[in-house]
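Structure file work.cif with mmCIF, C-alpha atoms, pLDDT in the B column; chains and numbers go by the auth columns:
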```cif
data_run
loop_
_atom_site.group_PDB
_atom_site.id
_atom_site.type_symbol
_atom_site.label_atom_id
_atom_site.label_comp_id
_atom_site.label_asym_id
_atom_site.label_seq_id
_atom_site.Cartn_x
_atom_site.Cartn_y
_atom_site.Cartn_z
_atom_site.B_iso_or_equiv
_atom_site.auth_seq_id
_atom_site.auth_asym_id
ATOM 1 C CA MET A 1 -93.213 -17.872 109.615 88.00 446 A
ATOM 2 C CA LEU A 2 -94.689 -14.476 110.408 91.00 447 A
ATOM 3 C CA ARG A 3 -98.089 -15.485 109.079 91.00 448 A
ATOM 4 C CA ALA A 4 -97.969 -18.801 110.914 91.00 449 A
ATOM 5 C CA ALA A 5 -97.362 -16.879 114.133 90.00 450 A
ATOM 6 C CA GLY A 6 -100.385 -14.678 113.475 92.00 451 A
ATOM 7 C CA VAL A 7 -98.414 -11.545 112.591 94.00 452 A
ATOM 8 C CA GLY A 8 -100.357 -9.388 110.157 93.00 453 A
ATOM 9 C CA VAL A 9 -102.284 -6.183 109.602 94.00 454 A
ATOM 10 C CA GLY A 10 -101.832 -3.664 112.403 93.00 455 A
ATOM 11 C CA ASP A 11 -98.618 -5.260 113.673 97.00 456 A
ATOM 12 C CA GLU A 12 -95.098 -3.868 113.551 97.00 457 A
ATOM 13 C CA VAL A 13 -91.988 -5.979 112.990 98.00 458 A
ATOM 14 C CA VAL A 14 -88.516 -4.642 113.822 98.00 459 A
ATOM 15 C CA VAL A 15 -85.985 -5.355 111.065 97.00 460 A
ATOM 16 C CA PRO A 16 -82.532 -4.101 110.018 97.00 461 A
ATOM 17 C CA ALA A 17 -82.160 -1.525 107.249 97.00 462 A
ATOM 18 C CA PHE A 18 -78.538 -2.559 106.634 97.00 463 A
ATOM 19 C CA GLY A 19 -78.925 -5.453 104.240 93.00 464 A
ATOM 20 C CA ASN A 20 -81.185 -6.861 101.590 87.00 465 A
ATOM 21 C CA VAL A 21 -84.705 -5.649 101.006 95.00 466 A
ATOM 22 C CA GLU A 22 -86.218 -9.164 101.126 95.00 467 A
ATOM 23 C CA VAL A 23 -86.776 -9.101 104.890 95.00 468 A
ATOM 24 C CA ALA A 24 -88.783 -5.865 104.791 96.00 469 A
ATOM 25 C CA GLU A 25 -90.684 -7.200 101.774 97.00 470 A
ATOM 26 C CA ALA A 26 -91.602 -10.372 103.662 95.00 471 A
ATOM 27 C CA VAL A 27 -92.963 -8.305 106.546 96.00 472 A
ATOM 28 C CA ALA A 28 -95.031 -6.205 104.149 96.00 473 A
ATOM 29 C CA LEU A 29 -96.337 -9.341 102.390 96.00 474 A
ATOM 30 C CA ALA A 30 -97.559 -10.593 105.762 95.00 475 A
ATOM 31 C CA GLY A 31 -99.541 -7.356 106.071 96.00 476 A
ATOM 32 C CA ALA A 32 -97.403 -5.903 108.870 97.00 477 A
ATOM 33 C CA LEU A 33 -95.291 -2.734 108.978 97.00 478 A
ATOM 34 C CA PRO A 34 -91.482 -3.047 108.924 97.00 479 A
ATOM 35 C CA VAL A 35 -89.864 -0.789 111.526 97.00 480 A
ATOM 36 C CA PHE A 36 -86.135 -0.204 111.068 98.00 481 A
ATOM 37 C CA ALA A 37 -83.660 -0.309 113.948 98.00 482 A
ATOM 38 C CA ASP A 38 -79.966 0.514 113.940 98.00 483 A
ATOM 39 C CA ILE A 39 -77.081 -1.957 113.867 98.00 484 A
ATOM 40 C CA ASP A 40 -74.122 -2.737 116.075 97.00 485 A
ATOM 41 C CA PRO A 41 -71.076 -1.233 114.282 96.00 486 A
ATOM 42 C CA VAL A 42 -68.945 -4.316 115.008 95.00 487 A
ATOM 43 C CA THR A 43 -71.275 -7.161 113.991 96.00 488 A
ATOM 44 C CA TYR A 44 -73.429 -5.208 111.477 97.00 489 A
ATOM 45 C CA CYS A 45 -76.447 -6.986 113.003 97.00 490 A
ATOM 46 C CA LEU A 46 -79.355 -5.447 114.889 98.00 491 A
ATOM 47 C CA ALA A 47 -78.226 -3.746 118.096 98.00 492 A
ATOM 48 C CA PRO A 48 -80.364 -4.931 121.055 98.00 493 A
ATOM 49 C CA GLU A 49 -80.572 -1.432 122.534 98.00 494 A
ATOM 50 C CA ALA A 50 -81.752 -0.049 119.190 98.00 495 A
ATOM 51 C CA VAL A 51 -84.386 -2.764 118.922 98.00 496 A
ATOM 52 C CA GLU A 52 -85.633 -1.999 122.424 97.00 497 A
ATOM 53 C CA ALA A 53 -85.930 1.689 121.534 97.00 498 A
ATOM 54 C CA ALA A 54 -87.996 0.781 118.457 97.00 499 A
ATOM 55 C CA VAL A 55 -90.525 -1.369 120.336 97.00 500 A
ATOM 56 C CA THR A 56 -94.061 0.042 120.628 97.00 501 A
ATOM 57 C CA PRO A 57 -97.353 -1.471 121.838 97.00 502 A
ATOM 58 C CA ARG A 58 -97.916 -2.614 118.236 97.00 503 A
ATOM 59 C CA THR A 59 -94.631 -4.490 117.902 98.00 504 A
ATOM 60 C CA ALA A 60 -95.243 -8.197 117.380 97.00 505 A
ATOM 61 C CA ALA A 61 -91.885 -9.544 116.218 97.00 506 A
ATOM 62 C CA VAL A 62 -88.207 -8.939 115.504 98.00 507 A
ATOM 63 C CA VAL A 63 -86.382 -10.426 112.518 97.00 508 A
ATOM 64 C CA VAL A 64 -82.674 -10.819 113.232 96.00 509 A
ATOM 65 C CA VAL A 65 -80.288 -11.210 110.282 96.00 510 A
ATOM 66 C CA HIS A 66 -76.775 -12.543 110.854 95.00 511 A
ATOM 67 C CA ARG A 67 -74.304 -10.710 108.609 95.00 512 A
ATOM 68 C CA PHE A 68 -70.976 -11.460 106.911 95.00 513 A
ATOM 69 C CA GLY A 69 -70.245 -14.502 109.103 94.00 514 A
ATOM 70 C CA ARG A 70 -70.818 -12.697 112.432 94.00 515 A
ATOM 71 C CA ARG A 71 -73.822 -13.537 114.582 93.00 516 A
ATOM 72 C CA ALA A 72 -76.083 -11.017 116.250 95.00 517 A
ATOM 73 C CA ASP A 73 -76.248 -10.847 120.036 95.00 518 A
ATOM 74 C CA ILE A 74 -79.068 -13.354 119.934 95.00 519 A
ATOM 75 C CA GLY A 75 -79.069 -13.997 123.684 96.00 520 A
ATOM 76 C CA ARG A 76 -79.900 -10.382 124.491 97.00 521 A
ATOM 77 C CA LEU A 77 -82.408 -10.207 121.646 97.00 522 A
ATOM 78 C CA HIS A 78 -84.274 -13.301 122.839 97.00 523 A
ATOM 79 C CA ALA A 79 -84.292 -11.899 126.375 97.00 524 A
ATOM 80 C CA LEU A 80 -85.723 -8.648 125.005 97.00 525 A
ATOM 81 C CA GLY A 81 -88.357 -10.671 123.165 97.00 526 A
ATOM 82 C CA ARG A 82 -89.374 -12.508 126.336 97.00 527 A
ATOM 83 C CA ARG A 83 -89.655 -9.267 128.307 96.00 528 A
ATOM 84 C CA ASN A 84 -91.878 -7.693 125.680 96.00 529 A
ATOM 85 C CA GLY A 85 -93.799 -10.733 124.478 95.00 530 A
ATOM 86 C CA LEU A 86 -92.250 -10.581 120.994 96.00 531 A
ATOM 87 C CA LEU A 87 -91.556 -13.297 118.470 96.00 532 A
ATOM 88 C CA VAL A 88 -87.833 -13.309 117.594 97.00 533 A
ATOM 89 C CA LEU A 89 -87.001 -14.870 114.223 95.00 534 A
ATOM 90 C CA GLU A 90 -83.499 -15.453 112.878 93.00 535 A
ATOM 91 C CA ARG A 91 -82.311 -15.387 109.309 89.00 536 A
ATOM 92 C CA GLY A 92 -78.900 -16.951 108.866 83.00 537 A
ATOM 93 C CA GLU A 93 -76.457 -17.249 106.025 77.00 538 A
ATOM 94 C CA THR A 94 -75.701 -20.339 103.970 76.00 539 A
ATOM 95 C CA GLU A 95 -73.331 -22.496 105.974 78.00 540 A
ATOM 96 C CA ALA A 96 -70.049 -23.379 104.283 82.00 541 A
ATOM 97 C CA PRO A 97 -68.164 -26.629 104.950 89.00 542 A
ATOM 98 C CA TYR A 98 -65.751 -26.403 107.866 88.00 543 A
ATOM 99 C CA ASP A 99 -62.646 -26.777 105.684 92.00 544 A
ATOM 100 C CA GLU A 100 -63.780 -23.824 103.572 93.00 545 A
ATOM 101 C CA ILE A 101 -64.403 -21.720 106.683 93.00 546 A
ATOM 102 C CA ALA A 102 -60.930 -22.653 107.958 94.00 547 A
ATOM 103 C CA ARG A 103 -59.338 -21.456 104.711 95.00 548 A
ATOM 104 C CA ARG A 104 -61.304 -18.211 104.829 95.00 549 A
ATOM 105 C CA ARG A 105 -60.128 -17.641 108.373 95.00 550 A
ATOM 106 C CA GLN A 106 -56.532 -18.200 107.284 95.00 551 A
ATOM 107 C CA ARG A 107 -56.895 -15.593 104.537 96.00 552 A
ATOM 108 C CA ALA A 108 -58.629 -13.191 106.908 97.00 553 A
ATOM 109 C CA ALA A 109 -55.794 -13.593 109.430 96.00 554 A
ATOM 110 C CA TYR A 110 -53.284 -12.847 106.658 96.00 555 A
ATOM 111 C CA LEU A 111 -55.068 -9.587 105.823 96.00 556 A
ATOM 112 C CA ASP A 112 -55.567 -8.690 109.502 96.00 557 A
ATOM 113 C CA ALA A 113 -51.800 -8.812 109.994 95.00 558 A
ATOM 114 C CA ARG A 114 -50.880 -6.822 106.879 95.00 559 A
ATOM 115 C CA LEU A 115 -53.542 -4.259 106.018 94.00 560 A
ATOM 116 C CA LYS A 116 -52.859 -0.623 106.817 89.00 561 A
ATOM 117 C CA GLY A 117 -55.060 2.388 106.234 85.00 562 A
ATOM 118 C CA VAL A 118 -58.351 0.493 106.577 93.00 563 A
ATOM 119 C CA ARG A 119 -60.143 -0.804 109.655 94.00 564 A
ATOM 120 C CA THR A 120 -60.194 -4.602 109.606 95.00 565 A
ATOM 121 C CA PRO A 121 -63.190 -6.602 110.877 96.00 566 A
ATOM 122 C CA ASP A 122 -63.467 -7.803 114.452 93.00 567 A
ATOM 123 C CA GLY A 123 -62.877 -11.548 114.330 86.00 568 A
ATOM 124 C CA GLY A 124 -64.685 -12.419 117.564 80.00 569 A
ATOM 125 C CA ASP A 125 -67.635 -14.691 118.218 76.00 570 A
ATOM 126 C CA GLY A 126 -66.665 -17.442 115.770 88.00 571 A
ATOM 127 C CA HIS A 127 -66.504 -15.229 112.684 93.00 572 A
ATOM 128 C CA THR A 128 -66.738 -17.413 109.551 94.00 573 A
ATOM 129 C CA TYR A 129 -65.876 -14.592 107.110 95.00 574 A
ATOM 130 C CA GLN A 130 -68.704 -15.105 104.653 94.00 575 A
ATOM 131 C CA GLN A 131 -67.447 -11.672 103.673 95.00 576 A
ATOM 132 C CA TYR A 132 -64.302 -9.874 104.841 97.00 577 A
ATOM 133 C CA VAL A 133 -65.639 -6.380 105.408 98.00 578 A
ATOM 134 C CA VAL A 134 -63.309 -3.463 106.118 97.00 579 A
ATOM 135 C CA ARG A 135 -64.033 0.192 106.845 95.00 580 A
ATOM 136 C CA VAL A 136 -62.416 2.730 104.540 94.00 581 A
ATOM 137 C CA PRO A 137 -61.482 5.932 106.416 86.00 582 A
ATOM 138 C CA GLY A 138 -62.138 9.372 105.030 86.00 583 A
ATOM 139 C CA ASN A 139 -65.367 11.134 104.224 86.00 584 A
ATOM 140 C CA GLY A 140 -67.726 8.225 103.734 88.00 585 A
ATOM 141 C CA ARG A 141 -69.149 7.039 100.448 92.00 586 A
ATOM 142 C CA PRO A 142 -67.130 9.209 98.003 92.00 587 A
ATOM 143 C CA ASP A 143 -63.796 8.101 99.464 92.00 588 A
ATOM 144 C CA ARG A 144 -64.907 4.467 99.836 94.00 589 A
ATOM 145 C CA ASP A 145 -66.105 4.352 96.219 95.00 590 A
ATOM 146 C CA ALA A 146 -62.873 5.928 94.969 94.00 591 A
ATOM 147 C CA PHE A 147 -60.889 3.409 97.016 94.00 592 A
ATOM 148 C CA ALA A 148 -62.892 0.527 95.515 95.00 593 A
ATOM 149 C CA ARG A 149 -62.344 1.773 91.956 95.00 594 A
ATOM 150 C CA ALA A 150 -58.613 2.071 92.553 94.00 595 A
ATOM 151 C CA LEU A 151 -58.458 -1.484 93.932 95.00 596 A
ATOM 152 C CA ARG A 152 -60.269 -2.873 90.905 95.00 597 A
ATOM 153 C CA VAL A 153 -57.796 -1.120 88.596 95.00 598 A
ATOM 154 C CA ARG A 154 -55.072 -2.994 90.504 94.00 599 A
ATOM 155 C CA GLY A 155 -56.807 -6.311 89.883 94.00 600 A
ATOM 156 C CA VAL A 156 -58.503 -6.737 93.268 95.00 601 A
ATOM 157 C CA GLU A 157 -62.148 -7.798 93.094 94.00 602 A
ATOM 158 C CA CYS A 158 -64.005 -5.997 95.833 96.00 603 A
ATOM 159 C CA ARG A 159 -67.625 -5.079 96.378 96.00 604 A
ATOM 160 C CA VAL A 160 -69.781 -2.692 98.362 97.00 605 A
ATOM 161 C CA PRO A 161 -71.853 -5.013 100.566 97.00 606 A
ATOM 162 C CA VAL A 162 -74.831 -2.662 101.068 96.00 607 A
ATOM 163 C CA LYS A 163 -75.175 0.112 98.522 94.00 608 A
ATOM 164 C CA THR A 164 -78.399 1.654 99.842 96.00 609 A
ATOM 165 C CA PRO A 165 -79.964 0.958 103.256 97.00 610 A
ATOM 166 C CA VAL A 166 -83.529 -0.297 102.993 97.00 611 A
ATOM 167 C CA HIS A 167 -84.993 2.739 104.759 96.00 612 A
ATOM 168 C CA ARG A 168 -83.658 4.875 101.884 95.00 613 A
ATOM 169 C CA LEU A 169 -85.311 2.813 99.141 96.00 614 A
ATOM 170 C CA PRO A 170 -88.458 4.363 97.617 95.00 615 A
ATOM 171 C CA ALA A 171 -90.760 1.509 98.657 93.00 616 A
ATOM 172 C CA PHE A 172 -89.693 1.666 102.321 95.00 617 A
ATOM 173 C CA ARG A 173 -88.530 5.241 102.775 92.00 618 A
ATOM 174 C CA ARG A 174 -88.654 6.279 106.438 86.00 619 A
ATOM 175 C CA CYS A 175 -87.631 9.413 108.277 86.00 620 A
ATOM 176 C CA VAL A 176 -85.699 7.596 110.985 92.00 621 A
ATOM 177 C CA SER A 177 -82.284 8.143 112.566 94.00 622 A
ATOM 178 C CA LEU A 178 -79.989 5.163 111.946 97.00 623 A
ATOM 179 C CA PRO A 179 -76.496 6.654 112.253 97.00 624 A
ATOM 180 C CA GLU A 180 -74.557 3.370 112.440 98.00 625 A
ATOM 181 C CA THR A 181 -76.456 1.977 109.456 98.00 626 A
ATOM 182 C CA GLU A 182 -75.725 5.117 107.422 96.00 627 A
ATOM 183 C CA ARG A 183 -72.079 5.125 108.437 97.00 628 A
ATOM 184 C CA ALA A 184 -71.629 1.455 107.579 97.00 629 A
ATOM 185 C CA ALA A 185 -73.313 1.870 104.184 97.00 630 A
ATOM 186 C CA GLY A 186 -70.889 4.672 103.352 96.00 631 A
ATOM 187 C CA GLU A 187 -67.654 3.113 104.638 96.00 632 A
ATOM 188 C CA THR A 188 -67.776 -0.674 104.218 97.00 633 A
ATOM 189 C CA LEU A 189 -66.039 -2.640 101.505 97.00 634 A
ATOM 190 C CA ALA A 190 -65.825 -6.431 101.134 98.00 635 A
ATOM 191 C CA LEU A 191 -62.403 -7.764 100.156 97.00 636 A
ATOM 192 C CA PRO A 192 -61.897 -11.263 98.721 96.00 637 A
ATOM 193 C CA VAL A 193 -61.052 -14.094 101.133 96.00 638 A
ATOM 194 C CA ASP A 194 -62.475 -16.983 99.104 93.00 639 A
ATOM 195 C CA ALA A 195 -60.995 -20.385 99.869 90.00 640 A
ATOM 196 C CA ALA A 196 -59.711 -20.691 96.281 92.00 641 A
ATOM 197 C CA LEU A 197 -57.470 -17.598 96.510 94.00 642 A
ATOM 198 C CA THR A 198 -53.720 -18.185 96.368 94.00 643 A
ATOM 199 C CA LYS A 199 -51.054 -16.567 98.514 94.00 644 A
ATOM 200 C CA ARG A 200 -50.152 -14.383 95.543 95.00 645 A
ATOM 201 C CA ASP A 201 -53.771 -13.208 95.336 96.00 646 A
ATOM 202 C CA MET A 202 -53.694 -12.264 99.009 97.00 647 A
ATOM 203 C CA GLN A 203 -50.373 -10.470 98.613 96.00 648 A
ATOM 204 C CA ARG A 204 -51.823 -8.443 95.728 95.00 649 A
ATOM 205 C CA THR A 205 -54.840 -7.472 97.820 96.00 650 A
ATOM 206 C CA ALA A 206 -52.719 -6.349 100.764 96.00 651 A
ATOM 207 C CA ALA A 207 -50.259 -4.440 98.577 95.00 652 A
ATOM 208 C CA ALA A 208 -53.031 -2.670 96.658 95.00 653 A
ATOM 209 C CA CYS A 209 -54.859 -1.613 99.832 94.00 654 A
ATOM 210 C CA ASN A 210 -51.698 -0.450 101.575 93.00 655 A
ATOM 211 C CA ALA A 211 -50.646 1.603 98.553 91.00 656 A
ATOM 212 C CA LEU A 212 -53.926 3.502 98.789 88.00 657 A
ATOM 213 C CA GLY A 213 -54.515 3.609 102.528 66.00 658 A
ATOM 214 C CA GLY A 214 -52.215 6.530 103.169 52.00 659 A
ATOM 215 C CA LEU A 215 -54.043 8.653 100.610 50.00 660 A
ATOM 216 C CA LEU A 216 -57.178 8.845 102.750 51.00 661 A
ATOM 217 C CA GLN A 217 -57.279 10.881 105.909 51.00 662 A
ATOM 218 C CA PRO A 218 -59.802 10.197 108.686 49.00 663 A
ATOM 219 C CA ALA A 219 -62.803 12.506 108.642 44.00 664 A
ATOM 220 C CA PHE A 220 -63.018 15.085 111.431 39.00 665 A
#
```
Encoded form using structure tokens:
Amino acid sequence: MLRAAGVGVGDEVVVPAFGNVEVAEAVALAGALPVFADIDPVTYCLAPEAVEAAVTPRTAAVVVVHRFGRRADIGRLHALGRRNGLLVLERGETEAPYDEIARRRQRAAYLDARLKGVRTPDGGDGHTYQQYVVRVPGNGRPDRDAFARALRVRGVECRVPVKTPVHRLPAFRRCVSLPETERAAGETLALPVDAALTKRDMQRTAAACNALGGLLQPAF
């Protein structure tokens, strides 16, 4: 799509660093330079104000990635694109059947009502809970990783959604300030809300998290 739009050598494309490396790789394959902008801490998608700050005379496009079942503020991003003459491309997630989304939402609501000691996701804007991503309080990555290990010992399958932001990978290393991206990479943890999970599974997840939540104190 970038090549078809004439984006190539000498152009810059604004992309998120919080996520998979494939987007930055696609920009590089088109011959352009990926420029990383920070995310909104609620949606984990590109923040419009951060994108605007990253725009230069060489910027040709923005690639917006919707994350975890939350959509980016695409209205503001398209408006920004029109003001600056930029191509705005969207990369979505695989759509699940409605009945599966409904079951995920039920499981997410169960956890929302019961979890203590972690920050639950904001369920606004039609969240489909492709992943149920919480924030673990404390001192960032060490506490989050310890929390994840303790959950797994208790039989809860959980995963770190973004282990290393793209701007920290050797192939795309940039000296750029992305505080929300860094904070999210160090604090986020995806808990299971798959449609196949039973009520007992959900009870085990809530009990395991709540048993650990009080052990971690917010960072000052």
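For the set A:Leu478, A:Arg559, A:Glu467, A:Gly571, the residue with the smallest atom-to-atom gap to Gly514 (chain A) is A:Gly571, counting all atoms listed in the file.
For the structure in this document, the set picked by the PyMOL selection byres ((chain A and resi 499-501) around 9) is A:Glu457, A:Val458, A:Val459, A:Val480, A:Phe481, A:Ala482, A:Glu494, A:Ala495, A:Val496, A:Glu497, A:Ala498, A:Pro502, A:Arg503, A:Thr504, A:Ala505, A:Asn529.
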Written file, previous selection with C-alpha atoms, as a PDB file, keeping the file's coordinate frame:
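To be explicit, this is the file written out as part_26.pdb:
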```pdb
ATOM      1  CA  GLU A 457     -95.098  -3.868 113.551  1.00 97.00           C
ATOM      2  CA  VAL A 458     -91.988  -5.979 112.990  1.00 98.00           C
ATOM      3  CA  VAL A 459     -88.516  -4.642 113.822  1.00 98.00           C
ATOM      4  CA  VAL A 480     -89.864  -0.789 111.526  1.00 97.00           C
ATOM      5  CA  PHE A 481     -86.135  -0.204 111.068  1.00 98.00           C
ATOM      6  CA  ALA A 482     -83.660  -0.309 113.948  1.00 98.00           C
ATOM      7  CA  GLU A 494     -80.572  -1.432 122.534  1.00 98.00           C
ATOM      8  CA  ALA A 495     -81.752  -0.049 119.190  1.00 98.00           C
ATOM      9  CA  VAL A 496     -84.386  -2.764 118.922  1.00 98.00           C
ATOM     10  CA  GLU A 497     -85.633  -1.999 122.424  1.00 97.00           C
ATOM     11  CA  ALA A 498     -85.930   1.689 121.534  1.00 97.00           C
ATOM     12  CA  PRO A 502     -97.353  -1.471 121.838  1.00 97.00           C
ATOM     13  CA  ARG A 503     -97.916  -2.614 118.236  1.00 97.00           C
ATOM     14  CA  THR A 504     -94.631  -4.490 117.902  1.00 98.00           C
ATOM     15  CA  ALA A 505     -95.243  -8.197 117.380  1.00 97.00           C
ATOM     16  CA  ASN A 529     -91.878  -7.693 125.680  1.00 96.00           C
TER      17      ASN A 529
END
```
Practice problem: Could you state which residues are captured by the PyMOL selection byres ((chain A and resi 473) around 12) in this file, as a list of chain:residue names? | Solution: A:Leu447, A:Arg448, A:Val452, A:Gly453, A:Val454, A:Gly455, A:Asp456, A:Glu457, A:Val458, A:Val459, A:Val460, A:Val466, A:Glu467, A:Val468, A:Ala469, A:Glu470, A:Ala471, A:Val472, A:Leu474, A:Ala475, A:Gly476, A:Ala477, A:Leu478, A:Pro479, A:Val480, A:Ala616, A:Phe617
Exercise. On this file, the PyMOL selection byres ((chain A and resi 630) around 12) gives some set of residues; write that set as a ChimeraX atom specification.
Key: /A:462-464,483-484,486,489,578-581,585-587,589-590,604-613,623-629,631-635
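Counting only C-alpha atoms and comparing A:Arg521, A:Arg550, A:Pro542, A:Val508, the residue that lies closest to Gly569 (chain A) is A:Arg550.
CA of Phe513 (chain A) sits 8.2 Å away from CA of His572 (chain A).
The shell of residues at most 12 Å from Ala547 (chain A), with only C-alpha atoms counted and near chain neighbours (fewer than 3 positions) removed, consists of Ala541, Pro542, Tyr543, Asp544, Arg550, Gln551, Arg552, Ala553, Ala554, Gly571, His572, Thr573, Tyr574, Gln575, Val638, Asp639, Ala640 and Ala641 of chain A.
Using all atoms listed in the file for every distance, the candidate list A:Ala492, A:Leu657, A:Leu556, A:Val487 yields A:Ala492 as the residue closest to Leu525 (chain A).
Pairwise distance (CA of Gly600 (chain A), CA of Pro582 (chain A)) equals 21.1 Å.
Proximity to Gly537 (chain A) was assessed for A:His523, A:Arg649, A:His511, A:Arg549 counting only C-alpha atoms; the smallest distance is recorded for A:His511.
Here the question is which of A:Ala595, A:Ala558, A:Ala449, A:Val533 gets nearest to Gly520 (chain A) using only C-alpha atoms, and that residue is A:Val533.
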Using the file's own x, y and z axes, so that the box edges lie along x, y and z, what centre and edge lengths in Å (one decimal) does a box around every listed atom of region 598-611 of chain A get when 4 Å is added on each side? Give it as JSON.
```
{"center_x": -69.3, "center_y": -3.1, "center_z": 95.9, "size_x": 36.5, "size_y": 17.5, "size_z": 22.7}
```
Practice problem: Mind giving me the straight-line distance from CA of Met647 (chain A) to CA of Asn584 (chain A) in Å, one decimal? | Solution: 26.7 Å
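Look at everything within 10 Å of (-68.2, -13.4, 119.8) using all atoms listed in the file, and the residues you get are Thr488, Arg515, Arg516, Ala517, Asp518, Asp567, Gly568, Gly569, Asp570, Gly571 and His572 of chain A.
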Quiz item: For Phe592 (chain A), which residue out of A:Gly451, A:Val621, A:Cys654, A:Val507 is the nearest one, using all atoms listed in the file?
Solution: A:Cys654
